[in-house]
$ cat data.txt   # compact mmCIF, C-alpha atoms
# COMPACT_ATOMS: atom_id res chain seq x y z
CA MET A 20 5.13 36.58 -2.33
CA ARG A 21 3.38 34.31 0.15
CA THR A 22 0.97 33.21 -2.56
CA LEU A 23 3.85 32.44 -4.89
CA ILE A 24 5.63 30.36 -2.25
CA ALA A 25 2.41 28.53 -1.41
CA LEU A 26 1.79 27.81 -5.09
CA LEU A 27 5.37 26.63 -5.57
CA GLY A 28 5.05 24.42 -2.49
CA PHE A 29 1.80 22.95 -3.83
CA ILE A 30 3.33 22.17 -7.21
CA LEU A 31 6.46 20.64 -5.69
CA GLY A 32 4.25 18.63 -3.33
CA CYS A 33 2.27 17.26 -6.27
CA LEU A 34 5.44 16.36 -8.14
CA ALA A 35 6.88 14.64 -5.08
CA GLY A 36 3.58 12.79 -4.66
CA ILE A 37 3.74 11.50 -8.23
CA VAL A 38 7.32 10.33 -7.77
CA LEU A 39 6.37 8.61 -4.52
CA LEU A 40 3.47 6.93 -6.26
CA ALA A 41 5.77 5.63 -8.96
CA VAL A 42 7.95 3.98 -6.34
CA ASN A 43 4.99 3.02 -4.14
CA PRO A 44 6.21 0.17 -1.93
CA PHE A 45 2.63 -1.14 -1.57
CA ALA A 46 2.29 -1.74 -5.31
CA GLY A 47 3.83 -4.02 -7.85
CA SER A 48 2.97 -7.63 -7.08
CA PRO A 49 5.27 -10.04 -8.94
CA VAL A 50 4.73 -10.74 -12.61
CA ILE A 51 3.39 -14.18 -13.47
CA GLN A 52 5.62 -15.88 -16.01
CA SER A 53 3.74 -17.12 -19.03
CA SER A 54 3.35 -20.80 -19.76
CA GLY A 55 1.36 -22.77 -22.29
CA GLN A 56 0.54 -22.16 -25.93
CA SER A 57 1.28 -18.63 -27.16
CA TYR A 58 -1.10 -16.60 -29.28
CA SER A 59 -0.89 -13.06 -30.61
CA PHE A 60 -3.70 -10.67 -31.42
CA VAL A 61 -4.24 -7.27 -32.95
CA THR A 62 -7.63 -5.73 -33.46
CA GLY A 63 -9.33 -2.46 -34.20
CA ASP A 64 -12.68 -3.79 -33.03
CA VAL A 65 -12.36 -2.12 -29.64
CA TYR A 66 -15.38 -0.48 -28.04
CA GLY A 67 -15.78 1.36 -24.80
CA MET A 68 -13.10 2.48 -22.39
CA PRO A 69 -9.64 2.70 -23.99
CA HIS A 70 -6.76 1.42 -21.88
CA THR A 71 -4.73 4.59 -22.06
CA VAL A 72 -3.18 6.19 -18.99
CA ARG A 73 -5.27 9.34 -19.30
CA ARG A 74 -8.54 7.42 -19.53
CA MET A 75 -7.60 5.11 -16.67
CA LEU A 76 -6.88 8.17 -14.53
CA ASN A 77 -10.38 9.47 -15.29
CA LEU A 78 -9.08 12.38 -17.36
CA ASP A 79 -11.78 11.97 -20.02
CA TRP A 80 -11.68 15.61 -20.99
CA LEU A 81 -8.18 15.08 -22.38
CA GLU A 82 -9.28 12.23 -24.57
CA PRO A 83 -12.53 12.24 -26.56
CA ASN A 84 -13.44 8.72 -27.68
CA LYS A 85 -15.75 8.13 -30.61
CA ARG A 86 -16.26 4.49 -29.70
CA ALA A 87 -17.14 5.11 -26.07
CA LEU A 88 -20.05 3.25 -24.58
CA GLN A 89 -22.25 6.12 -23.47
CA ALA A 90 -24.56 4.44 -20.98
CA PRO A 91 -23.41 5.18 -17.40
CA ALA A 92 -23.52 1.53 -16.35
CA VAL A 93 -21.03 0.44 -19.04
CA LYS A 94 -19.01 3.61 -19.50
CA ASN A 95 -15.99 2.07 -17.80
CA SER A 96 -16.13 -1.22 -19.67
CA ALA A 97 -14.39 -2.32 -22.85
CA VAL A 98 -15.29 -4.94 -25.44
CA SER A 99 -12.88 -6.23 -28.10
CA LEU A 100 -13.42 -8.80 -30.84
CA MET A 101 -10.38 -10.44 -32.36
CA MET A 102 -8.71 -13.38 -33.98
CA LEU A 103 -5.94 -15.20 -32.14
CA ARG A 104 -2.95 -16.29 -34.18
CA ASP A 105 -0.53 -19.05 -33.25
CA THR A 106 3.24 -18.66 -33.18
CA ALA A 107 3.42 -19.37 -36.92
CA GLY A 108 1.00 -16.51 -37.55
CA ALA A 109 -1.86 -18.78 -38.62
CA GLU A 110 -5.46 -18.04 -37.63
CA ALA A 111 -6.22 -20.25 -34.68
CA ALA A 112 -9.22 -19.05 -32.68
CA TYR A 113 -11.80 -16.33 -32.33
CA ALA A 114 -12.07 -14.40 -29.12
CA VAL A 115 -14.10 -11.73 -27.41
CA LYS A 116 -12.58 -9.89 -24.46
CA ILE A 117 -14.69 -7.92 -22.01
CA SER A 118 -12.97 -5.91 -19.31
CA ILE A 119 -14.37 -3.72 -16.55
CA VAL A 120 -12.56 -1.48 -14.11
CA ASP A 121 -12.05 -2.76 -10.59
CA ASP A 122 -14.31 -0.50 -8.55
CA GLU A 123 -12.02 -0.97 -5.56
CA ALA A 124 -8.97 0.28 -7.45
CA ASN A 125 -6.87 2.78 -5.52
CA LEU A 126 -3.67 4.61 -6.42
CA TYR A 127 -2.45 4.50 -2.82
CA THR A 128 -2.52 0.70 -2.66
CA GLY A 129 -1.24 0.42 -6.21
CA LYS A 130 -4.19 -1.74 -7.25
CA THR A 131 -5.27 -0.23 -10.53
CA GLY A 132 -6.55 -3.17 -12.48
CA HIS A 133 -9.50 -4.32 -14.51
CA TYR A 134 -11.43 -7.58 -14.28
CA SER A 135 -11.25 -9.32 -17.61
CA TYR A 136 -13.31 -12.05 -19.24
CA TRP A 137 -12.31 -13.86 -22.41
CA THR A 138 -14.41 -16.29 -24.43
CA VAL A 139 -12.29 -18.13 -26.98
CA PHE A 140 -13.55 -20.47 -29.71
CA TRP A 141 -11.31 -22.82 -31.69
CA PRO A 142 -13.35 -23.83 -34.77
CA ASN A 143 -14.31 -27.51 -34.85
CA GLN A 144 -12.66 -28.04 -31.45
CA GLY A 145 -14.41 -26.16 -28.67
CA ALA A 146 -14.49 -23.07 -26.53
CA VAL A 147 -13.19 -21.89 -23.16
CA LEU A 148 -13.94 -19.11 -20.70
CA MET A 149 -10.97 -17.30 -19.17
CA HIS A 150 -11.34 -14.78 -16.37
CA GLY A 151 -8.85 -12.89 -14.29
CA TYR A 152 -7.37 -9.54 -13.37
CA ASP A 153 -5.35 -7.18 -15.58
CA GLU A 154 -3.02 -4.95 -13.55
CA TYR A 155 -2.19 -1.64 -15.24
CA TRP A 156 0.00 -0.24 -12.46
CA ASP A 157 3.22 -0.30 -14.50
CA GLN A 158 1.57 1.50 -17.40
CA ILE A 159 -0.01 4.12 -15.14
CA THR A 160 3.17 4.93 -13.22
CA ASP A 161 5.11 5.01 -16.48
CA GLY A 162 2.55 7.50 -17.82
CA LEU A 163 2.72 9.61 -14.65
CA LEU A 164 6.50 9.86 -14.89
CA ALA A 165 6.21 10.69 -18.59
CA GLY A 166 3.81 13.45 -17.59
CA LEU A 167 6.44 14.85 -15.24
CA ARG A 168 8.81 14.98 -18.19
CA GLY A 169 6.22 16.90 -20.18
CA ARG A 170 5.11 13.97 -22.34
CA SER A 171 1.40 14.21 -21.71
CA PHE A 172 0.90 11.12 -19.52
CA THR A 173 1.68 8.80 -22.42
CA ALA A 174 3.19 5.47 -21.34
CA THR A 175 6.50 4.80 -23.07
CA ALA A 176 7.42 1.11 -22.77
CA ASP A 177 6.90 -1.25 -25.70
CA ASP A 178 4.60 -3.58 -23.78
CA TYR A 179 3.23 -4.32 -20.33
CA ARG A 180 2.59 -7.64 -18.68
CA LEU A 181 -0.89 -7.49 -17.17
CA THR A 182 -0.95 -10.78 -15.27
CA ARG A 183 0.31 -10.55 -11.69
CA SER A 184 0.21 -12.76 -8.67
CA GLY A 185 -2.51 -11.70 -6.29
CA ALA A 186 -5.93 -12.46 -4.92
CA VAL A 187 -7.51 -13.00 -8.33
CA ALA A 188 -6.05 -15.92 -10.26
CA ASN A 189 -6.28 -15.95 -14.03
CA SER A 190 -8.19 -19.17 -14.56
CA LEU A 191 -9.64 -21.06 -17.50
CA GLN A 192 -12.52 -23.48 -17.77
CA GLY A 193 -13.73 -25.44 -20.75
CA MET A 194 -17.13 -24.57 -22.14
CA SER A 195 -17.65 -26.96 -25.02
CA GLY A 196 -16.19 -29.56 -27.38
CA ILE A 197 -12.86 -31.15 -26.55
CA PHE A 198 -12.35 -28.59 -23.76
CA SER A 199 -15.46 -29.56 -21.79
CA GLY A 200 -14.59 -30.21 -18.17
CA ARG A 201 -10.99 -29.06 -18.55
CA VAL A 202 -9.37 -26.29 -16.55
CA GLY A 203 -6.25 -24.21 -16.90
CA SER A 204 -4.77 -20.76 -16.68
CA TYR A 205 -3.63 -17.90 -18.88
CA SER A 206 -1.51 -14.79 -18.84
CA GLU A 207 -1.60 -11.69 -20.99
CA SER A 208 0.66 -8.91 -22.08
CA GLN A 209 -0.37 -5.89 -24.10
CA MET A 210 1.59 -3.79 -26.53
CA ASN A 211 1.65 -0.13 -25.63
CA SER A 212 -0.52 1.74 -28.13
CA GLY A 213 0.28 5.07 -26.49
CA ASP A 214 -2.69 7.40 -26.72
CA ASP A 215 -4.44 5.34 -29.39
CA GLY A 216 -7.19 3.52 -27.55
CA THR A 217 -8.74 2.15 -30.73
CA ILE A 218 -6.15 -0.60 -31.22
CA LEU A 219 -5.62 -3.58 -28.95
CA GLN A 220 -2.52 -5.66 -29.55
CA GLY A 221 -0.87 -8.23 -27.37
CA GLU A 222 -0.08 -11.82 -26.54
CA LEU A 223 -1.78 -14.57 -24.59
CA ALA A 224 -0.24 -17.69 -23.12
CA ILE A 225 -2.97 -20.29 -22.63
CA GLN A 226 -2.42 -23.42 -20.56
CA ILE A 227 -5.18 -26.06 -20.81
CA ASN A 228 -4.66 -29.01 -18.48
CA MET B 24 0.46 10.09 -0.88
CA ALA B 25 -2.69 10.53 1.17
CA GLY B 26 -4.20 12.30 -1.80
CA ALA B 27 -3.58 9.21 -3.89
CA SER B 28 -6.06 7.23 -1.83
CA LEU B 29 -8.71 9.88 -2.49
CA TYR B 30 -8.04 10.19 -6.21
CA PRO B 31 -11.30 9.43 -8.08
CA LEU B 32 -10.52 6.53 -10.41
CA PRO B 33 -13.26 5.30 -12.80
CA ASP B 34 -16.15 3.53 -11.10
CA HIS B 35 -19.37 1.81 -12.15
CA LYS B 36 -22.85 3.21 -11.93
CA ARG B 37 -25.16 0.63 -10.47
CA ILE B 38 -28.56 0.28 -12.08
CA ARG B 39 -31.26 -1.18 -9.90
CA GLY B 40 -31.69 -4.93 -10.59
CA GLU B 41 -35.06 -6.05 -11.93
CA THR B 42 -35.29 -9.58 -10.64
CA GLU B 43 -38.60 -11.17 -9.80
CA ALA B 44 -39.35 -14.07 -7.50
CA ALA B 45 -40.19 -17.18 -9.52
CA ALA B 46 -43.41 -19.03 -8.70
CA ASN B 47 -41.61 -22.25 -7.78
CA GLY B 48 -38.50 -20.78 -6.21
CA GLY B 49 -35.49 -18.92 -7.42
CA ARG B 50 -35.53 -15.64 -9.27
CA GLU B 51 -36.23 -14.55 -12.79
CA GLU B 52 -34.46 -11.79 -14.67
CA VAL B 53 -34.93 -10.81 -18.29
CA PHE B 54 -32.24 -9.16 -20.44
CA HIS B 55 -33.01 -7.44 -23.73
CA ILE B 56 -30.82 -6.70 -26.75
CA GLU B 57 -32.11 -4.35 -29.42
CA LEU B 58 -30.00 -5.50 -32.34
CA LYS B 59 -29.96 -2.23 -34.28
CA ARG B 60 -28.78 -0.20 -31.29
CA ASP B 61 -26.91 -2.67 -29.16
CA GLN B 62 -24.75 -4.78 -31.44
CA LEU B 63 -21.13 -3.64 -31.22
CA GLY B 64 -19.01 -3.63 -34.33
CA ARG B 65 -21.53 -3.33 -37.14
CA GLN B 66 -19.99 -0.06 -38.27
CA SER B 67 -16.43 -1.27 -37.85
CA LYS B 68 -13.93 -0.30 -40.49
CA THR B 69 -12.28 -3.65 -39.97
CA ALA B 70 -15.45 -5.64 -40.61
CA ALA B 71 -13.83 -7.24 -43.63
CA LEU B 72 -11.16 -8.68 -41.37
CA PHE B 73 -13.61 -9.79 -38.76
CA PRO B 74 -17.07 -10.39 -40.20
CA PHE B 75 -19.64 -10.60 -37.48
CA ALA B 76 -21.80 -13.44 -38.69
CA GLY B 77 -21.16 -16.65 -40.50
CA PHE B 78 -17.45 -16.35 -41.02
CA SER B 79 -15.36 -19.43 -41.23
CA MET B 80 -11.87 -20.75 -41.67
CA SER B 81 -10.92 -23.22 -44.37
CA GLY B 82 -14.50 -23.68 -45.48
CA ASP B 83 -15.47 -25.42 -42.24
CA GLN B 84 -18.64 -24.81 -40.34
CA PRO B 85 -19.03 -21.13 -39.56
CA VAL B 86 -18.26 -19.60 -36.21
CA VAL B 87 -20.34 -16.60 -35.19
CA ALA B 88 -18.79 -14.17 -32.72
CA GLU B 89 -20.83 -11.20 -31.57
CA ALA B 90 -20.81 -8.56 -28.87
CA PHE B 91 -23.69 -6.49 -27.52
CA GLN B 92 -24.86 -4.08 -24.91
CA ILE B 93 -27.59 -5.62 -22.76
CA ARG B 94 -30.62 -3.90 -21.23
CA ASN B 95 -32.90 -4.58 -18.34
CA LYS B 96 -36.64 -4.98 -18.70
CA SER B 97 -37.07 -1.21 -18.48
CA GLY B 98 -34.73 -0.65 -21.42
CA GLN B 99 -31.75 0.75 -19.51
CA VAL B 100 -28.31 -0.45 -20.60
CA ILE B 101 -26.89 -2.41 -17.67
CA GLY B 102 -24.04 -4.42 -19.14
CA VAL B 103 -22.29 -5.97 -22.10
CA ALA B 104 -22.27 -9.48 -23.51
CA SER B 105 -20.51 -11.77 -25.94
CA ARG B 106 -22.03 -14.63 -27.90
CA LEU B 107 -20.02 -17.37 -29.59
CA GLU B 108 -21.65 -20.03 -31.74
CA GLY B 109 -20.11 -22.85 -33.70
CA ILE B 110 -19.89 -26.56 -34.32
CA VAL B 111 -17.82 -28.65 -31.90
CA PRO B 112 -17.42 -32.38 -31.31
CA ASP B 113 -19.70 -33.75 -28.57
CA SER B 114 -18.74 -36.41 -26.03
CA ILE B 115 -18.81 -39.16 -28.68
CA GLY B 116 -17.11 -37.05 -31.34
CA GLU B 117 -20.24 -36.19 -33.32
CA PRO B 118 -20.59 -32.56 -34.52
CA SER B 119 -22.94 -30.54 -32.35
CA LEU B 120 -23.92 -26.91 -32.01
CA ALA B 121 -22.39 -24.98 -29.08
CA VAL B 122 -23.66 -21.55 -28.08
CA ASN B 123 -22.10 -19.56 -25.23
CA TRP B 124 -23.31 -16.26 -23.83
CA LEU B 125 -21.16 -14.32 -21.40
CA LEU B 126 -23.09 -11.53 -19.71
CA VAL B 127 -21.05 -8.96 -17.75
CA ILE B 128 -22.91 -6.47 -15.60
CA PRO B 129 -20.08 -4.27 -14.28
CA ALA B 130 -21.64 -3.33 -10.95
CA ARG B 131 -22.98 -6.82 -10.22
CA GLY B 132 -20.91 -9.59 -11.79
CA ALA B 133 -20.77 -11.96 -14.72
CA LEU B 134 -22.61 -15.11 -15.75
CA LEU B 135 -21.96 -17.73 -18.39
CA LEU B 136 -24.84 -19.35 -20.27
CA GLU B 137 -24.36 -22.50 -22.32
CA GLN B 138 -26.53 -24.22 -24.86
CA LYS B 139 -24.94 -27.48 -25.92
CA ARG B 140 -27.80 -29.19 -27.73
CA VAL B 141 -30.26 -27.76 -30.21
CA ILE B 142 -33.54 -27.64 -28.36
CA SER B 143 -35.73 -25.18 -30.11
CA ASP B 144 -39.38 -24.36 -30.00
CA VAL B 145 -41.40 -22.10 -32.17
CA VAL B 146 -43.15 -20.30 -29.35
CA ALA B 147 -44.99 -17.80 -31.52
CA PRO B 148 -45.13 -16.85 -35.20
CA GLY B 149 -41.71 -15.49 -36.15
CA MET B 150 -40.23 -16.28 -32.76
CA GLN B 151 -37.95 -19.19 -31.93
CA ALA B 152 -36.56 -20.01 -28.51
CA LEU B 153 -33.36 -21.85 -27.56
CA HIS B 154 -32.91 -23.37 -24.13
CA GLY B 155 -29.72 -23.70 -22.08
CA ARG B 156 -28.13 -23.60 -18.62
CA MET B 157 -26.20 -21.09 -16.56
CA THR B 158 -22.93 -22.81 -15.71
CA TRP B 159 -20.71 -20.19 -14.08
CA GLY B 160 -20.95 -16.83 -12.37
CA ASP B 161 -18.99 -14.48 -10.16
CA ARG B 162 -19.82 -11.89 -7.48
CA GLU B 163 -23.64 -11.57 -7.31
CA PHE B 164 -24.02 -14.63 -9.55
CA ALA B 165 -21.35 -16.79 -7.90
CA GLU B 166 -23.70 -18.96 -5.86
CA LEU B 167 -26.40 -19.27 -8.50
CA SER B 168 -27.23 -21.76 -11.20
CA GLY B 169 -30.25 -22.31 -13.39
CA SER B 170 -31.63 -22.14 -16.89
CA TYR B 171 -32.26 -19.62 -19.62
CA ILE B 172 -34.25 -19.17 -22.81
CA GLU B 173 -32.94 -17.18 -25.78
CA ALA B 174 -35.76 -15.82 -27.94
CA ARG B 175 -35.34 -13.87 -31.16
CA MET B 176 -38.16 -11.63 -32.24
CA GLY B 177 -38.88 -9.40 -35.20
CA MET B 178 -36.05 -10.86 -37.24
CA GLY B 179 -38.01 -10.67 -40.49
CA SER B 180 -39.41 -7.20 -40.01
CA GLY B 181 -39.80 -4.60 -37.34
CA GLU B 182 -37.30 -4.10 -34.53
CA PRO B 183 -35.09 -7.20 -34.25
CA LYS B 184 -34.57 -8.14 -30.67
CA ILE B 185 -33.02 -10.89 -28.55
CA VAL B 186 -34.59 -11.63 -25.19
CA LEU B 187 -32.67 -13.69 -22.63
CA SER B 188 -34.91 -14.92 -19.85
CA THR B 189 -33.01 -16.40 -16.93
CA ARG B 190 -34.35 -18.38 -13.99
CA LEU B 191 -31.68 -18.76 -11.34
CA ALA B 192 -31.52 -20.06 -7.80
CA SER B 193 -28.99 -20.88 -5.17
CA ALA B 194 -26.77 -23.70 -6.48
CA SER B 195 -28.30 -26.12 -3.96
CA VAL B 196 -31.76 -25.61 -5.49
CA THR B 197 -32.43 -26.45 -9.13
CA PRO B 198 -35.05 -24.08 -10.54
$ encode --input "data.txt" --output "structure tokens"
Amino acid sequence: MRTLIALLGFILGCLAGIVLLAVNPFAGSPVIQSSGQSYSFVTGDVYGMPHTVRRMLNLDWLEPNKRALQAPAVKNSAVSLMMLRDTAGAEAAYAVKISIVDDEANLYTGKTGHYSYWTVFWPNQGAVLMHGYDEYWDQITDGLLAGLRGRSFTATADDYRLTRSGAVANSLQGMSGIFSGRVGSYSESQMNSGDDGTILQGELAIQIN
Amino acid sequence: MAGASLYPLPDHKRIRGETEAAANGGREEVFHIELKRDQLGRQSKTAALFPFAGFSMSGDQPVVAEAFQIRNKSGQVIGVASRLEGIVPDSIGEPSLAVNWLLVIPARGALLLEQKRVISDVVAPGMQALHGRMTWGDREFAELSGSYIEARMGMGSGEPKIVLSTRLASASVTP
């Protein structure tokens, strides 16, 4: 009987912990509103760490990934190649996104992001580098609550805005062509692909000053 | 809640850096890419939608977008990289070649390499080198600047390989 009560207490404690995490007062810095030119992207050229809740919680055993980068130094990195389309749906630019987990991420502080680096090339115009921080806290807490409801830690919202105010600003700098010497900013939101880490879909707002 | 701070989120394994002191100051570090093993995307099912070399829009000059794993001198994978190449207008509006490498070493930081003009040398039979500058970095590379050489070897036969040789120093010293 004592064992049963202890086990029940442990389980209830874990559940309460998850709920407390989801309403963690230390987390959830304000969303940055997008400004600038909007672009959309969808790609299956995604390699490395998928941005699913289970993978971001280090539960690899729940989620085998055929496109994982096996080397230990890059295991928690992701590389995506894609085409950016303008609001009319026309091909506008080519982009490569590299993201790596923040090795100071911590569930208690609600800082569960990835550093991201974009290189974007507009043919016959020029290229820019964009670098910043993608915060996945909303997706992770959504997945945790879904797990409590027996839905296998799968995030449920349609999309998540990754760009937040905080110590790391999402900044842009020109690399070549007509963008040389120019600076700016960007923000990103990603469509929720559920447990499918092989698709990356979302929107960018790019402001070049 | 206390358990949350101890929860083991994904982290990076740090591979020992293989930098060497340069003879006239600064530091040298060489990165290798073995094209057959390290290029990402060659087996992609969506290759038709996103060809990895020489694809273009509207018949204009091609843009080449590539992604790789990068290795240290000892052959260990230490990071990932992107390479974008295409024609852009220069400061007087004339078409010129622009090549940008972004190297991301998760445990150390990132660095951006730029080659804005075509400066090439045939340094050995079957080997051509392109020269450029490092123009941006973060974390370990934040205070550094310098130059790099991109050399392609074995492209005709054998094991095709790209070697990026960097020579970097504190931004106040030009190596």
$ closest_residue --input "data.txt" --among "B:Gly40, B:Gly98, B:Pro112, B:Pro118" --to "chain A" --atoms "only C-alpha atoms"
B:Pro112
$ atom_distance --input "data.txt" --atom1 "atom CA of Leu125 of chain B" --atom2 "atom CA of Gly160 of chain B"
9.4 Å
$ closest_residue --input "data.txt" --among "B:Asn95, B:Asn123, B:Asn47, B:Gln62" --to "chain A" --atoms "all atoms listed in the file"
B:Asn123
$ atom_distance --input "data.txt" --atom1 "atom CA of Ser170 of chain B" --atom2 "atom CA of Ser105 of chain B"
17.7 Å
$ residues_near_point --input "data.txt" --point "(-20.7, 5.2, -19.0)" --cutoff "12 Å" --atoms "only C-alpha atoms" --output "mmCIF file with C-alpha atoms, keeping the file's coordinate frame"
data_model
loop_
_atom_site.group_PDB
_atom_site.id
_atom_site.type_symbol
_atom_site.label_atom_id
_atom_site.label_comp_id
_atom_site.auth_asym_id
_atom_site.auth_seq_id
_atom_site.Cartn_x
_atom_site.Cartn_y
_atom_site.Cartn_z
ATOM 1 C CA TYR A 66 -15.380 -0.480 -28.040
ATOM 2 C CA GLY A 67 -15.780 1.360 -24.800
ATOM 3 C CA MET A 68 -13.100 2.480 -22.390
ATOM 4 C CA ASN A 77 -10.380 9.470 -15.290
ATOM 5 C CA ASP A 79 -11.780 11.970 -20.020
ATOM 6 C CA ASN A 84 -13.440 8.720 -27.680
ATOM 7 C CA ARG A 86 -16.260 4.490 -29.700
ATOM 8 C CA ALA A 87 -17.140 5.110 -26.070
ATOM 9 C CA LEU A 88 -20.050 3.250 -24.580
ATOM 10 C CA GLN A 89 -22.250 6.120 -23.470
ATOM 11 C CA ALA A 90 -24.560 4.440 -20.980
ATOM 12 C CA PRO A 91 -23.410 5.180 -17.400
ATOM 13 C CA ALA A 92 -23.520 1.530 -16.350
ATOM 14 C CA VAL A 93 -21.030 0.440 -19.040
ATOM 15 C CA LYS A 94 -19.010 3.610 -19.500
ATOM 16 C CA ASN A 95 -15.990 2.070 -17.800
ATOM 17 C CA SER A 96 -16.130 -1.220 -19.670
ATOM 18 C CA ALA A 97 -14.390 -2.320 -22.850
ATOM 19 C CA ILE A 119 -14.370 -3.720 -16.550
ATOM 20 C CA VAL A 120 -12.560 -1.480 -14.110
ATOM 21 C CA PRO B 33 -13.260 5.300 -12.800
ATOM 22 C CA ASP B 34 -16.150 3.530 -11.100
ATOM 23 C CA HIS B 35 -19.370 1.810 -12.150
ATOM 24 C CA LYS B 36 -22.850 3.210 -11.930
ATOM 25 C CA ARG B 37 -25.160 0.630 -10.470
ATOM 26 C CA ILE B 38 -28.560 0.280 -12.080
ATOM 27 C CA GLN B 92 -24.860 -4.080 -24.910
ATOM 28 C CA GLN B 99 -31.750 0.750 -19.510
ATOM 29 C CA VAL B 100 -28.310 -0.450 -20.600
ATOM 30 C CA ILE B 101 -26.890 -2.410 -17.670
ATOM 31 C CA GLY B 102 -24.040 -4.420 -19.140
ATOM 32 C CA VAL B 103 -22.290 -5.970 -22.100
ATOM 33 C CA PRO B 129 -20.080 -4.270 -14.280
ATOM 34 C CA ALA B 130 -21.640 -3.330 -10.950
#
$ interface_residues --input "data.txt" --of "chain A" --to "chain B" --cutoff "8 Å" --atoms "all atoms listed in the file" --output "number ranges by chain"
A: 36, 39-40, 63-64, 66, 75-77, 90-96, 98, 100-102, 113-115, 117, 119-122, 124-128, 138, 140, 142-145, 194-197
$ atom_distance --input "data.txt" --atom1 "atom CA of Gln209 of chain A" --atom2 "atom CA of Leu181 of chain A"
7.1 Å
$ closest_residue --input "data.txt" --among "A:Gly203, A:Phe198, A:Asn211, A:Glu154" --to "Ile227 of chain A" --atoms "all atoms listed in the file"
A:Gly203
$ residues_around --input "data.txt" --residues "Gly221 of chain A" --least-positions-apart "2" --cutoff "8 Å" --atoms "all atoms listed in the file" --output "ChimeraX atom specification"
/A:59-61,207-210,219,223
$ closest_residue --input "data.txt" --among "B:Glu41, B:His55, B:Arg162, B:Arg94" --to "Tyr134 of chain A" --atoms "all atoms listed in the file"
B:Arg162
$ residues_around --input "data.txt" --residues "Ser54 of chain A" --least-positions-apart "6" --cutoff "9 Å" --atoms "all atoms listed in the file" --output "PyMOL selection string"
chain A and resi 204-206+224-226
$ write_last_selection --input "data.txt" --atoms "C-alpha atoms" --output "CSV table (one decimal), keeping the file's coordinate frame"
chain,number,residue,atom,x,y,z
A,204,SER,CA,-4.8,-20.8,-16.7
A,205,TYR,CA,-3.6,-17.9,-18.9
A,206,SER,CA,-1.5,-14.8,-18.8
A,224,ALA,CA,-0.2,-17.7,-23.1
A,225,ILE,CA,-3.0,-20.3,-22.6
A,226,GLN,CA,-2.4,-23.4,-20.6
$ residues_around --input "data.txt" --residues "Glu51 of chain B" --least-positions-apart "6" --cutoff "8 Å" --atoms "only C-alpha atoms" --output "JSON, numbers by chain"
{"B": [42, 43, 44, 45, 188, 189, 190, 191]}
$ build_atoms --input "data.txt" --residues "segment 187-198 of chain A" --atoms "N, CA and C atoms" --output "PDB file, in the coordinates of the input"
ATOM      1  N   VAL A 187      -6.704 -12.482  -7.229  1.00  0.00           N
ATOM      2  CA  VAL A 187      -7.510 -13.000  -8.330  1.00  0.00           C
ATOM      3  C   VAL A 187      -6.621 -13.786  -9.282  1.00  0.00           C
ATOM      4  N   ALA A 188      -6.840 -15.095  -9.354  1.00  0.00           N
ATOM      5  CA  ALA A 188      -6.050 -15.920 -10.260  1.00  0.00           C
ATOM      6  C   ALA A 188      -6.649 -15.858 -11.657  1.00  0.00           C
ATOM      7  N   ASN A 189      -5.786 -15.908 -12.652  1.00  0.00           N
ATOM      8  CA  ASN A 189      -6.280 -15.950 -14.030  1.00  0.00           C
ATOM      9  C   ASN A 189      -6.573 -17.408 -14.364  1.00  0.00           C
ATOM     10  N   SER A 190      -7.841 -17.765 -14.389  1.00  0.00           N
ATOM     11  CA  SER A 190      -8.190 -19.170 -14.560  1.00  0.00           C
ATOM     12  C   SER A 190      -8.974 -19.407 -15.836  1.00  0.00           C
ATOM     13  N   LEU A 191      -8.987 -20.642 -16.252  1.00  0.00           N
ATOM     14  CA  LEU A 191      -9.640 -21.060 -17.500  1.00  0.00           C
ATOM     15  C   LEU A 191     -10.534 -22.244 -17.205  1.00  0.00           C
ATOM     16  N   GLN A 192     -11.676 -22.294 -17.859  1.00  0.00           N
ATOM     17  CA  GLN A 192     -12.520 -23.480 -17.770  1.00  0.00           C
ATOM     18  C   GLN A 192     -13.122 -23.768 -19.135  1.00  0.00           C
ATOM     19  N   GLY A 193     -13.176 -25.043 -19.460  1.00  0.00           N
ATOM     20  CA  GLY A 193     -13.730 -25.440 -20.750  1.00  0.00           C
ATOM     21  C   GLY A 193     -15.221 -25.199 -20.804  1.00  0.00           C
ATOM     22  N   MET A 194     -15.688 -24.789 -21.970  1.00  0.00           N
ATOM     23  CA  MET A 194     -17.130 -24.570 -22.140  1.00  0.00           C
ATOM     24  C   MET A 194     -17.745 -25.622 -23.038  1.00  0.00           C
ATOM     25  N   SER A 195     -17.020 -26.048 -24.065  1.00  0.00           N
ATOM     26  CA  SER A 195     -17.650 -26.960 -25.020  1.00  0.00           C
ATOM     27  C   SER A 195     -16.584 -27.748 -25.784  1.00  0.00           C
ATOM     28  N   GLY A 196     -17.070 -28.780 -26.518  1.00  0.00           N
ATOM     29  CA  GLY A 196     -16.190 -29.560 -27.380  1.00  0.00           C
ATOM     30  C   GLY A 196     -15.125 -30.305 -26.607  1.00  0.00           C
ATOM     31  N   ILE A 197     -13.933 -30.366 -27.177  1.00  0.00           N
ATOM     32  CA  ILE A 197     -12.860 -31.150 -26.550  1.00  0.00           C
ATOM     33  C   ILE A 197     -12.353 -30.500 -25.268  1.00  0.00           C
ATOM     34  N   PHE A 198     -12.791 -29.273 -24.985  1.00  0.00           N
ATOM     35  CA  PHE A 198     -12.350 -28.590 -23.760  1.00  0.00           C
ATOM     36  C   PHE A 198     -13.345 -28.733 -22.604  1.00  0.00           C
TER      37      PHE A 198
END
